[in-house]
Structure formats: structure tokens, C-alpha cells
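File shown: structure.txt (compact mmCIF, C-alpha atoms).
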```
# COMPACT_ATOMS: atom_id res chain seq x y z
CA MET Z 1294 -0.17 42.95 107.73
CA ARG Z 1295 -2.14 43.97 104.67
CA LYS Z 1296 -3.91 41.11 102.96
CA LYS Z 1297 -2.58 40.31 99.49
CA GLN Z 1298 -4.92 41.00 96.55
CA THR Z 1299 -6.79 37.74 95.75
CA PHE Z 1300 -7.46 38.37 92.06
CA PRO Z 1301 -4.10 38.37 90.26
CA ARG Z 1302 -3.82 41.26 87.85
CA PRO Z 1303 -2.48 39.32 84.84
CA ALA Z 1304 -5.55 37.05 84.96
CA LEU Z 1305 -7.83 40.08 85.11
CA VAL Z 1306 -6.17 41.64 82.10
CA LEU Z 1307 -6.36 38.37 80.17
CA THR Z 1308 -10.06 38.03 80.93
CA LEU Z 1309 -10.76 41.54 79.72
CA LEU Z 1310 -8.77 40.99 76.53
CA LEU Z 1311 -10.55 37.73 75.76
CA GLY Z 1312 -13.87 39.45 76.36
CA MET Z 1313 -13.00 42.24 73.94
CA LEU Z 1314 -11.77 39.72 71.42
CA ALA Z 1315 -14.99 37.70 71.63
CA VAL Z 1316 -17.09 40.81 71.02
CA GLY Z 1317 -14.74 42.24 68.42
CA LEU Z 1318 -14.19 39.17 66.20
CA PRO Z 1319 -17.55 39.01 64.43
CA ALA Z 1320 -17.32 42.70 63.54
CA ALA Z 1321 -13.77 42.27 62.20
CA ALA Z 1322 -14.85 39.28 60.10
CA ASP Z 1323 -17.64 41.34 58.53
CA ASP Z 1324 -15.15 44.04 57.62
CA ASP Z 1325 -12.92 41.47 55.94
CA ASP Z 1326 -15.84 40.12 53.91
CA ASP Z 1327 -16.63 43.59 52.62
CA GLU Z 1328 -13.03 44.35 51.81
CA PHE Z 1329 -12.57 41.22 49.70
CA ALA Z 1330 -16.02 40.95 48.13
CA LEU Z 1331 -15.70 40.72 44.35
CA SER Z 1332 -17.81 42.87 42.07
CA PHE Z 1333 -19.28 41.46 38.86
CA GLU Z 1334 -16.61 43.41 36.95
CA ASP Z 1335 -13.90 41.70 39.02
CA LYS Z 1336 -15.34 38.31 38.15
CA GLN Z 1337 -15.56 39.17 34.47
CA ALA Z 1338 -11.95 40.35 34.59
CA ALA Z 1339 -10.94 37.01 36.09
CA CYS Z 1340 -12.47 35.20 33.08
CA ALA Z 1341 -10.85 37.66 30.69
CA ALA Z 1342 -7.42 37.13 32.25
CA CYS Z 1343 -7.23 33.68 30.63
CA HIS Z 1344 -9.90 33.68 27.89
CA GLY Z 1345 -9.34 37.20 26.52
CA GLU Z 1346 -11.39 40.33 27.12
CA LYS Z 1347 -14.11 39.15 24.75
CA GLY Z 1348 -13.44 35.45 25.24
CA ASP Z 1349 -11.96 35.25 21.77
CA LYS Z 1350 -8.25 35.18 22.60
CA PRO Z 1351 -7.45 32.42 25.08
CA LEU Z 1352 -4.08 32.70 26.75
CA ALA Z 1353 -3.13 29.07 26.07
CA PRO Z 1354 -3.97 26.79 23.12
CA ASP Z 1355 -5.83 24.34 25.32
CA TYR Z 1356 -8.14 27.01 26.78
CA PRO Z 1357 -11.47 27.34 25.00
CA VAL Z 1358 -12.76 30.23 22.92
CA LEU Z 1359 -15.90 31.50 24.68
CA ALA Z 1360 -16.85 34.23 22.19
CA GLY Z 1361 -20.06 33.41 20.36
CA GLN Z 1362 -20.78 30.21 22.30
CA TYR Z 1363 -24.38 29.57 23.36
CA ALA Z 1364 -25.10 31.27 26.69
CA ASP Z 1365 -26.96 28.30 28.14
CA TYR Z 1366 -24.07 25.98 27.28
CA LEU Z 1367 -21.58 28.36 28.92
CA ALA Z 1368 -23.75 28.63 32.03
CA ASN Z 1369 -24.05 24.85 32.27
CA SER Z 1370 -20.28 24.48 31.82
CA LEU Z 1371 -19.56 26.92 34.65
CA LYS Z 1372 -21.92 25.01 36.93
CA SER Z 1373 -20.29 21.72 35.90
CA TYR Z 1374 -16.97 22.82 37.42
CA GLY Z 1375 -18.74 23.46 40.71
CA ASN Z 1376 -20.76 20.24 40.92
CA GLY Z 1377 -18.14 17.63 40.00
CA GLN Z 1378 -19.28 16.95 36.43
CA ARG Z 1379 -16.07 18.55 35.19
CA ASN Z 1380 -12.80 18.40 37.10
CA HIS Z 1381 -10.38 20.79 35.37
CA PRO Z 1382 -8.20 21.92 38.33
CA ILE Z 1383 -7.90 25.58 37.36
CA MET Z 1384 -11.58 26.02 36.60
CA VAL Z 1385 -12.66 24.21 39.75
CA GLN Z 1386 -10.35 26.52 41.72
CA GLN Z 1387 -11.74 29.61 39.98
CA ILE Z 1388 -15.31 28.62 40.77
CA GLU Z 1389 -14.36 28.26 44.45
CA ILE Z 1390 -12.56 31.62 44.58
CA LEU Z 1391 -15.06 33.70 42.61
CA GLU Z 1392 -18.18 32.48 44.44
CA LEU Z 1393 -20.38 33.05 41.39
CA SER Z 1394 -24.07 33.57 42.03
CA ASP Z 1395 -26.68 32.29 39.57
CA ASP Z 1396 -27.05 35.89 38.44
CA ASP Z 1397 -23.27 36.22 37.88
CA ILE Z 1398 -23.29 33.03 35.80
CA GLU Z 1399 -26.18 34.25 33.64
CA ARG Z 1400 -24.52 37.63 33.06
CA LEU Z 1401 -21.08 36.18 32.27
CA ALA Z 1402 -22.57 33.63 29.88
CA ALA Z 1403 -24.65 36.30 28.13
CA TYR Z 1404 -21.63 38.59 27.77
CA PHE Z 1405 -19.37 36.02 26.13
CA ALA Z 1406 -22.21 34.60 24.00
CA ALA Z 1407 -22.80 38.07 22.55
CA GLN Z 1408 -19.23 38.38 21.21
CA LYS Z 1409 -18.23 37.45 17.68
CA GLY Z 1410 -16.45 34.12 17.53
CA LEU Z 1411 -17.44 30.47 17.31
CA THR Z 1412 -19.67 29.11 14.55
CA THR Z 1413 -21.71 25.98 14.02
CA ILE Z 1414 -19.91 23.35 11.95
CA SER Z 1415 -21.69 22.21 8.80
CA ARG Z 1416 -22.64 18.69 7.76
CA MET V 510 -7.98 43.13 43.97
CA ARG V 511 -4.94 43.84 41.79
CA LEU V 512 -3.17 41.10 43.69
CA LEU V 513 -5.96 38.64 42.90
CA ILE V 514 -5.95 39.52 39.22
CA ALA V 515 -2.17 39.22 39.17
CA ALA V 516 -2.44 35.82 40.82
CA LEU V 517 -5.02 34.69 38.28
CA VAL V 518 -2.90 35.87 35.37
CA GLY V 519 0.14 34.25 36.95
CA THR V 520 -1.73 30.95 37.18
CA GLY V 521 -2.57 31.23 33.51
CA LEU V 522 1.02 31.91 32.51
CA THR V 523 2.22 28.93 34.49
CA CYS V 524 -0.29 26.76 32.61
CA LEU V 525 0.97 28.18 29.34
CA ALA V 526 4.53 27.27 30.22
CA ALA V 527 3.50 23.75 31.21
CA GLY V 528 0.79 23.56 28.54
CA ASN V 529 -0.16 20.47 26.62
CA CYS V 530 1.60 20.06 23.34
CA LEU V 531 -0.69 20.24 20.38
CA ALA V 532 -0.89 16.91 18.56
CA GLU V 533 -0.93 17.43 14.81
CA GLY V 534 -4.29 16.30 13.52
CA ASN V 535 -5.30 15.87 9.90
CA VAL V 536 -8.16 18.16 8.87
CA ASP V 537 -9.43 16.00 5.99
CA ALA V 538 -9.33 12.82 8.06
CA GLY V 539 -11.03 14.73 10.85
CA ARG V 540 -13.89 15.83 8.58
CA GLU V 541 -14.59 12.15 7.81
CA LYS V 542 -14.29 11.03 11.43
CA ALA V 543 -16.58 13.85 12.59
CA GLN V 544 -19.63 12.59 10.68
CA THR V 545 -21.27 11.37 13.88
CA CYS V 546 -20.58 14.68 15.62
CA THR V 547 -22.51 16.58 12.98
CA GLY V 548 -25.72 14.78 13.97
CA CYS V 549 -25.99 17.20 16.90
CA HIS V 550 -23.22 19.80 16.54
CA ALA V 551 -24.05 20.80 12.96
CA VAL V 552 -27.66 21.58 13.83
CA GLU V 553 -27.86 25.24 14.83
CA GLY V 554 -29.59 25.69 18.17
CA TYR V 555 -29.98 21.93 18.76
CA PHE V 556 -30.83 21.09 22.38
CA ASN V 557 -29.17 18.62 24.70
CA VAL V 558 -31.94 16.54 26.31
CA TYR V 559 -31.09 16.77 30.00
CA PRO V 560 -30.13 19.10 31.48
CA SER V 561 -31.53 21.17 28.67
CA TYR V 562 -29.07 23.54 27.00
CA ARG V 563 -27.90 23.99 23.43
CA VAL V 564 -25.08 21.72 22.25
CA PRO V 565 -21.95 23.83 21.85
CA LYS V 566 -20.68 25.44 18.68
CA LEU V 567 -17.36 23.88 17.68
CA GLY V 568 -16.38 25.81 14.56
CA GLY V 569 -13.21 27.77 15.26
CA GLN V 570 -12.65 26.24 18.69
CA ASN V 571 -9.04 25.70 19.77
CA ALA V 572 -7.86 22.25 18.69
CA ALA V 573 -5.97 21.50 21.89
CA TYR V 574 -9.04 22.36 23.94
CA VAL V 575 -11.27 20.06 21.85
CA GLU V 576 -8.69 17.30 22.25
CA SER V 577 -8.60 17.76 25.99
CA ALA V 578 -12.40 17.83 26.28
CA LEU V 579 -12.94 14.75 24.08
CA LYS V 580 -10.34 12.75 26.00
CA GLN V 581 -12.07 13.68 29.24
CA TYR V 582 -15.48 12.61 27.92
CA ARG V 583 -13.84 9.36 26.79
CA ASP V 584 -11.90 8.72 30.01
CA GLY V 585 -14.46 10.01 32.53
CA GLY V 586 -12.95 13.34 33.62
CA ARG V 587 -16.10 14.95 32.23
CA LYS V 588 -19.33 13.21 33.03
CA HIS V 589 -21.75 13.40 30.13
CA PRO V 590 -23.38 10.09 29.10
CA THR V 591 -24.06 11.01 25.45
CA MET V 592 -20.57 12.39 24.88
CA HIS V 593 -19.01 9.40 26.64
CA ALA V 594 -20.98 7.04 24.39
CA ASN V 595 -19.67 8.87 21.34
CA ALA V 596 -16.07 9.23 22.49
CA TRP V 597 -15.34 5.93 24.29
CA ASN V 598 -13.86 4.17 21.25
CA LEU V 599 -11.94 7.12 19.74
CA SER V 600 -8.15 6.79 19.61
CA ASP V 601 -5.88 9.72 20.45
CA ALA V 602 -5.19 10.05 16.72
CA ASP V 603 -8.93 10.13 15.90
CA ILE V 604 -9.40 12.86 18.49
CA ALA V 605 -6.48 14.91 17.13
CA ASP V 606 -7.94 14.70 13.61
CA ILE V 607 -11.44 15.68 14.72
CA ALA V 608 -10.06 18.57 16.77
CA ALA V 609 -7.98 19.79 13.83
CA TYR V 610 -11.10 19.78 11.65
CA PHE V 611 -13.27 21.77 14.11
CA SER V 612 -10.44 24.22 14.63
CA SER V 613 -10.07 24.73 10.87
CA VAL V 614 -13.66 25.90 10.44
CA SER V 615 -13.36 29.67 10.31
CA GLN V 616 -15.03 31.72 13.02
```
Turn this file's structure into C-alpha cells for me.
Amino acid sequence: MRKKQTFPRPALVLTLLLGMLAVGLPAAADDDDDEFALSFEDKQAACAACHGEKGDKPLAPDYPVLAGQYADYLANSLKSYGNGQRNHPIMVQQIEILELSDDDIERLAAYFAAQKGLTTISR
Amino acid sequence: MRLLIAALVGTGLTCLAAGNCLAEGNVDAGREKAQTCTGCHAVEGYFNVYPSYRVPKLGGQNAAYVESALKQYRDGGRKHPTMHANAWNLSDADIADIAAYFSSVSQ
């Protein structure tokens, strides 16, 4: 009588699949990162969606005008939503989603600061 | 990408629908109550001590936003020692007046 095969085929197939999966996963994850990476223009568009293209026409009355604000104040405000000093739920969420670099923050702040808008109050 | 933008806009619209109602502040009363504010905010290019950045321009800012920010400095939602010290004893009515005044200053 012929001896039965000792290595069951389903187990062999499973092992091969798991092996392919283990090798394939890191590569797939890299592809995903590339596909969903946001450009600076995407990030600027995200700001504009609520604050207006130039930061001068906020979508809601309780959203701030950004146009003409000091760039260093804007940059500090953006960082405040990421470090717990400010807790506005939408802004905290945006900071998490957009993954702003220091360079992004500087460029966004400079862009909105350069627009015509806010003024200094007088005494 | 379009989906993300759409989601962001959608979030904004939802906020608009559920948005805070604007309390009616009095501009003239606000000008009086904002005397202390002018010590820093009426000096162009004045610097916050630490971390160092210029104190924000407030002329032409949305009243409801100023209200929200001041209440958070008062109640602790925003952590800024100097602003907390200046806002801790403001009533909601004081804040509405001050916000109405800042908002009335033309851009």
C-alpha cells in the first residue's frame, strides 16, 4: 500500500500564502502612503475650505479671519492645536489628518499673512 | 483627494448648521471694556514674551470667533497665562461687547 503524503496540502498552501503576505505587506503599505500623501496645495486647500481661499471669508461666523494676521501668530496657533494648548475639536482633527511639517506651517502662515484683511485696533 | 476635500467641506457645513449663535454685543460698551486689551493689541508688531510671536491683530475679526476664543482663555480651553489673567473675570456680556467692538473695526 502506498504511504499517504505526510505534509497536508492545505497547510502547505497556507504557509506559502502567509510567506507571500509577510513579504508583500511592507511594499503594499509604502504604496498606500504614496497614494494618500498630501501635497502642500492639498493642505492649503483644506484651510481654504473653511477659512476662504485667501483666509478672508470664513465659512461660519465663529471661524477666524486669517487674512492679514501676523505669520508668526498663525504658525504658533497651528502648533497650539497639535500640542494641547488649544483644544478646538475640528482644528485638532485637521492637524492630525494633514500631518503638517514645520515647513508647511511656515508656508501656510506666510500665505495667509500676505492677504489683505485684519488690522490692528487703535487705542 | 477630492473625497478628502469633500469630507473637510462637509465637516465645515455641519459646523455651520450647528454653529454658535452670535450674542449681540454693544460696540460702544465694548470700546470702553477693551481698554486693557489695547495695551498689547493696539501696538502694531508688539511681541508676546514667551513663546515669542506677535500678538494678533483683532480689527475686523469675526465677533463670534473672538467670543469663543476669549471664553476659552477665561475657562481654560486655551492655555495662555497672560490671556487667562486678562479674561478670568469677564462676564459673557463683557465678552460679547468686546467682540462686537473688535469686529466693528474695518479691515
Between V:Ala594, V:Ala605, V:Leu599, V:Val614, which is the closest to Leu567 of chain V once you count all atoms listed in the file?
->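 Of V:Ala594, V:Ala605, V:Leu599, V:Val614, the one nearest Leu567 of chain V is V:Val614, counting all atoms listed in the file.
The interatomic distance for the pair atom CA of Phe1333 of chain Z and atom CA of Ala1403 of chain Z works out to 13.1 Å.
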In Å and to one decimal, atom CA of Gly548 of chain V is distant from atom CA of Arg563 of chain V by 13.4 Å
One residue among Z:Ser1415, Z:Glu1346, Z:Glu1399, Z:Asp1335 is nearest to Ser1370 of chain Z when using all atoms listed in the file, and that residue is Z:Glu1399
Name the residues in contact with segment 553-560 of chain V at a cut-off of 12 Å, using all atoms listed in the file, excluding same-chain residues fewer than 4 positions from it; report them as a list of chain:residue names.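 So the residues in contact are Z:Gln1362, Z:Tyr1363, Z:Ala1364, Z:Asp1365, Z:Tyr1366, Z:Ala1368, Z:Asn1369, Z:Ser1370, Z:Lys1372, Z:Ser1373, Z:Leu1411, Z:Thr1412, Z:Thr1413, Z:Ile1414, Z:Ser1415, Z:Arg1416, V:Thr547, V:Gly548, V:Cys549, V:Val564, V:Pro565, V:Lys566, V:Leu567, V:Gly568, V:His589, V:Pro590, V:Thr591, V:Met592.
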Leu579 of chain V proximity check over V:Ile604, V:Asp537, V:Ser561, V:Ala609, using only C-alpha atoms: winner is V:Ile604
Item checked: 10 Å contact set for Gln1386 of chain Z, only C-alpha atoms, chain neighbours under 5 positions out, as a list of chain:residue names -> Z:Tyr1374, Z:Gly1375, Z:Asn1380, Z:His1381, Z:Leu1391
**Message:** Please report the interatomic distance between atom CA of Ser1394 of chain Z and atom CA of Arg1379 of chain Z in Å with one decimal.
**Reply:**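 Atom-to-atom, atom CA of Ser1394 of chain Z and atom CA of Arg1379 of chain Z are spaced 18.3 Å apart.
Proximity of Z:Val1358, Z:Leu1331, Z:Ala1338, Z:Cys1343 to Gln570 of chain V, computed with all atoms listed in the file, is greatest for Z:Val1358.
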Residue nearest chain V among Z:Leu1367, Z:Ala1360, Z:Ala1353, Z:Cys1340 (counting all atoms listed in the file):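 Looking only at the distances to chain V, the closest residue turns out to be Z:Ala1353.
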Which residue of V:Lys580, V:His593, V:Arg587, V:Lys542 approaches chain Z most closely, using all atoms listed in the file: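 Smallest distance to chain Z is found for V:Arg587.
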task: Identify the residues around (-12.2, 23.5, 21.5) within a radius of 8 Å, measuring from all atoms listed in the file in the coordinates stated by the file, and give them as number ranges by chain.
output: Z: 1355-1358; V: 567, 569-576, 578, 608, 611-612
